[in-house]
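Peer 1: So that we are looking at the same thing, I have put the structure below in structure tokens.
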Amino acid sequence: MTATPDPIRIEHAPSHEPRTNPGAEPERLWRTVVGELLRDARADRGETLAETAQRAGVSPQYLSEMERGRKEASSEMLAAVSGALDLTLLDLTLGVAERITIGAAAPIRQPAQPARAAYALAA
């Protein structure tokens with residue numbers, strides 16, 4: 001019989017207490033970190049904003065705003081830009097989690113293998 005792990009408990013600070021330590025850096029916004037990851041992935045490929053934006057089907061101005069953390073992009077927009085950079089939404093999400101967790105500019109993960117490869121192994 002396999003033991004099930006205990007559920008993760010998230011302790012919430014009472015509303016009258018601050019969630020961060022005094023003097024600590026504020027938590028970075030999701031859109032800011034996503035933008036950094038997209039910009040880094042684009043730069044790693046040696047592409048211009050216009051090249052990536054054209055493949056993603058967005059304007060270069062919109063992609064620029066995403067990269068600078070000025071736009072709270074929809075999941076559809078994130079999927080389009082990630083796909084244009086050969087990344088999945090999972091790659092993007094894991095990259096953001098890593099950067100937020102360690103508080104530094106962790107490299108983005110290598111693109112995930114297509115889902116069909118996992119299904120082929122299961123057969």
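The way I read the labels, and the way they are meant: chains A, B, ... in the order of the structure tokens, residue 1 as the first residue of every chain, and ligand 1 as the first ligand shown, with later ones counted on from there.
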Which parts of region 8-96 of chain A does DSSP call helix (DSSP H, G or I) when run on the backbone here, written out as JSON, numbers by chain?

Peer 2: {"A": [30, 31, 32, 33, 34, 35, 36, 37, 38, 39, 40, 41, 42, 43, 44, 49, 50, 51, 52, 53, 54, 55, 56, 60, 61, 62, 63, 64, 65, 66, 67, 75, 76, 77, 78, 79, 80, 81, 82, 83, 84, 89, 90, 91, 92, 93, 94, 95, 96]}

Peer 1: As an exercise, work out the distance from CA of Arg45 (chain A) to CA of Glu27 (chain A) in Å and give it to one decimal place.

Peer 2: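 The value is 28.8 Å.
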
Peer 1: Have a look at CA of Ala73 (chain A) and CA of Val33 (chain A) and let me know their distance in Å, one decimal.

Peer 2: 12.3 Å

Peer 1: Looking at A:Ala97, A:Ile102, A:Leu92, A:Leu37, which one is nearest to Gly69 (chain A), with distances taken over only C-alpha atoms?

Peer 2: A:Leu37

Peer 1: Give me the residues within 10 Å of Val34 (chain A) as a VMD selection string, counting only C-alpha atoms and dropping any in the same chain fewer than 2 places off.

Peer 2: chain A and resid 29 to 32 36 to 40 66 to 69 72 to 73 78 92 to 93 95 to 97 99

Peer 1: What separation in Å, quoted to one decimal, exists between CA of Glu51 (chain A) and CA of Ser64 (chain A)?

Peer 2: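 Atom-to-atom, CA of Glu51 (chain A) to CA of Ser64 (chain A), that is 12.0 Å.
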
Peer 1: Env of Leu49 (chain A): 8 Å cut, atoms = only C-alpha atoms, seq-sep filter 2 positions within chain, self excluded. Answer as a PyMOL selection string.

Peer 2: chain A and resi 42+47+51-53+60+63-64
